[in-house]
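Accompanying notes for the structure given below.
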Amino acid sequence: MPELPEVETVRRGLEPILVGNAFARVEQRRPDLRFPLPKHFAERLSGRKVEALDRRAKYLLARLDDGEVLVMHLGMTGRFSIDRANGEASAPGRFAHPIADAQKHEHIVFHLGDGTAVRYSDTRRFGLMDLVPAQKLESHALFKGLGIEPLSKSFTPKWLAQKLRGKATSTKAALVDQRLIAGLGNIYACEALFRAHVSPLRLAGSLATRSGKPTAKTAALVAAVKAVLEEAIKAGGSSLRDYKRADGSLGDFQHRFKVYGREGKKCLTIGCSGTVRRIVQGGRSTFYCPACQR
DNA sequence: AAGAACTCCTGTTGGC
DNA sequence: TGCCAACAGGAGTTCT
C-alpha cells in the first residue's frame, strides 16, 4: 500500500516516539511476515535503544545502539499504531485502521521503556522485518540492487535518460521498477505520468535520444515525479480503504489524485477533452488520458 | 539477460 | 441473500 510519501509520513510520525527510547519488550505473535522473522527477533531487540529512524526507498531503518539496523517494509497493508502510556491510541503518520483489523492482524508489538506500545499490523502480510548489521546494509540482498532516491539531487533528466536508454519496457513499468527509481509505486507513477503528459505505454527507451540525452518529456517527467512526491508528503500521504477516525488522522492526498481511480471521468488537463482510461500493465491498474498523454 | 508472468495473503466490492 | 471473480498502495521468484 504505502509508497514513498506514506512511508516517509510514517517515519516522521514514529521518529519522535522511537528515537532515544529503548525496547523494553517485544511481542512477536507469529514466526513470519512475508519472510521468516530473524532468529531470536524479540530477544535481540529487547534492551536496544533506537538511535535514529531513517528511510531508504519504501524501507524504514531503525538504527540500534548495538550496531544493528531493524529493517521494516510495510508491503501492501502494513501499519503502525501507537498506544500511549496513558492508553490513548493513535496512528503515526496519520494512517489509521479499524480496531477489529488491528486486533486480528496485529503481529508485532514493540513495548518501549516509557510504557508506550508501538503496534504493527499487516493484514496481507506482504511486509517484512529483518535485523542487519549496519555495515552490511548496503550489500544486503534487499538493498544492493535498489535504485536512486527520486527526491535526491542526483535524480535528474540526464540520469534518467541514461538509465532508460535502450529500454524496451513501458515507461510505467520503468517508473515502478525499484532497481531504477526507489520508492515510486503504482499511484504516484500514474500521477507523475499524467502531470508530465507522458503515456504510460510509451517505450521507456524513447525518453532518451539516440546519444542518451534527455528529451523535453524526460525533463517533464523527472520534475513531475519530484513534485507529486513532495506534495504528497506535505499532505501526509494518501489514505485509501481506511476507516476514517474521529481524530481525522488520515492523509489527504487521495483527494488530489488527477487520474488514479478516475476511469471514465473527464481528463483534468486544461483544454483537454479526453476521458481517463484504465488499462492493466504488469498485472496492475494504470490510469491515464490517451488524449493528452503521449 | 531483459522483460513479463506468477506468487505470496486476506479482505472488499460489484455483478449475476 | 449467496457466490464468485476481480481487484487492492509490493516485490521476490520463476518463466520465456
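Chain identifiers are assigned as A, B, and so on, following the order in which chains appear in the C-alpha cells; residues are numbered from 1 within each chain, and ligands are numbered from 1 in order of appearance.
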key: Exercise answer, chain A residues close to chain B, 7 Å and only C-alpha atoms (C1' of nucleotides), as a ChimeraX atom specification   = /A:123-125,169
Selected residues written out, N, CA, C and O atoms, as an mmCIF file, in the first residue's frame:
data_model
loop_
_atom_site.group_PDB
_atom_site.id
_atom_site.type_symbol
_atom_site.label_atom_id
_atom_site.label_comp_id
_atom_site.auth_asym_id
_atom_site.auth_seq_id
_atom_site.Cartn_x
_atom_site.Cartn_y
_atom_site.Cartn_z
ATOM 1 N N THR A 123 -2.478 -6.991 7.411
ATOM 2 C CA THR A 123 -3.496 -7.957 7.007
ATOM 3 C C THR A 123 -2.966 -9.006 6.024
ATOM 4 O O THR A 123 -3.133 -10.194 6.219
ATOM 5 N N ARG A 124 -2.359 -8.527 4.975
ATOM 6 C CA ARG A 124 -1.940 -9.476 3.931
ATOM 7 C C ARG A 124 -0.550 -10.063 4.177
ATOM 8 O O ARG A 124 -0.119 -10.958 3.465
ATOM 9 N N ARG A 125 0.148 -9.497 5.131
ATOM 10 C CA ARG A 125 1.497 -9.969 5.495
ATOM 11 C C ARG A 125 2.470 -9.949 4.324
ATOM 12 O O ARG A 125 3.259 -10.887 4.131
ATOM 13 N N THR A 169 10.962 -1.811 -22.292
ATOM 14 C CA THR A 169 9.747 -1.906 -21.497
ATOM 15 C C THR A 169 8.948 -0.599 -21.570
ATOM 16 O O THR A 169 9.398 0.385 -22.147
#
Test item: chain A residues at most 8 Å from chain C, counting only C-alpha atoms (C1' of nucleotides), as a PyMOL selection string = chain A and resi 1-3+75-76+126+185-187+240
ask   = Please, which residues of region 16-214 of chain A, numbered as in this document, come out strand (DSSP E or B) from DSSP, as a VMD selection string?
value = chain A and resid 19 22 to 28 32 36 49 to 56 59 to 64 68 to 73 78 to 83 89 to 90 106 to 112 117 to 122 128 to 133 148 170 181 203 208 214
message = I need the helix (DSSP H, G or I) residues of region 161-198 of chain A per DSSP on the backbone, written as a ChimeraX atom specification.
response = /A:161-164,171-175,186-195
request  = Give me the residues within 8 Å of region 58-65 of chain A as a VMD selection string, counting only C-alpha atoms (C1' of nucleotides) and dropping any in the same chain fewer than 6 places off.
outcome  = chain A and resid 2 to 4 7 11 48 to 52 71 to 74 134 182 to 183
Put those residues in a file: C-alpha atoms, as a CSV table (one decimal), in the first residue's frame.
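After the write, selection29.csv holds the following:
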chain,number,residue,atom,x,y,z
A,2,PRO,CA,2.4,2.6,1.1
A,3,GLU,CA,4.6,4.3,-1.4
A,4,LEU,CA,7.4,6.7,-0.6
A,7,VAL,CA,6.5,5.6,4.4
A,11,ARG,CA,8.8,7.7,9.6
A,48,ARG,CA,18.2,-2.0,22.5
A,49,LYS,CA,17.9,1.8,22.2
A,50,VAL,CA,16.9,3.4,18.8
A,51,GLU,CA,19.4,6.0,17.8
A,52,ALA,CA,17.9,7.1,14.5
A,71,VAL,CA,14.7,-3.1,8.7
A,72,MET,CA,11.0,-2.7,8.1
A,73,HIS,CA,8.9,-2.8,5.0
A,74,LEU,CA,5.1,-2.3,5.1
A,134,ALA,CA,24.8,-1.5,9.8
A,182,ALA,CA,13.3,3.5,-5.4
A,183,GLY,CA,10.1,4.5,-3.8
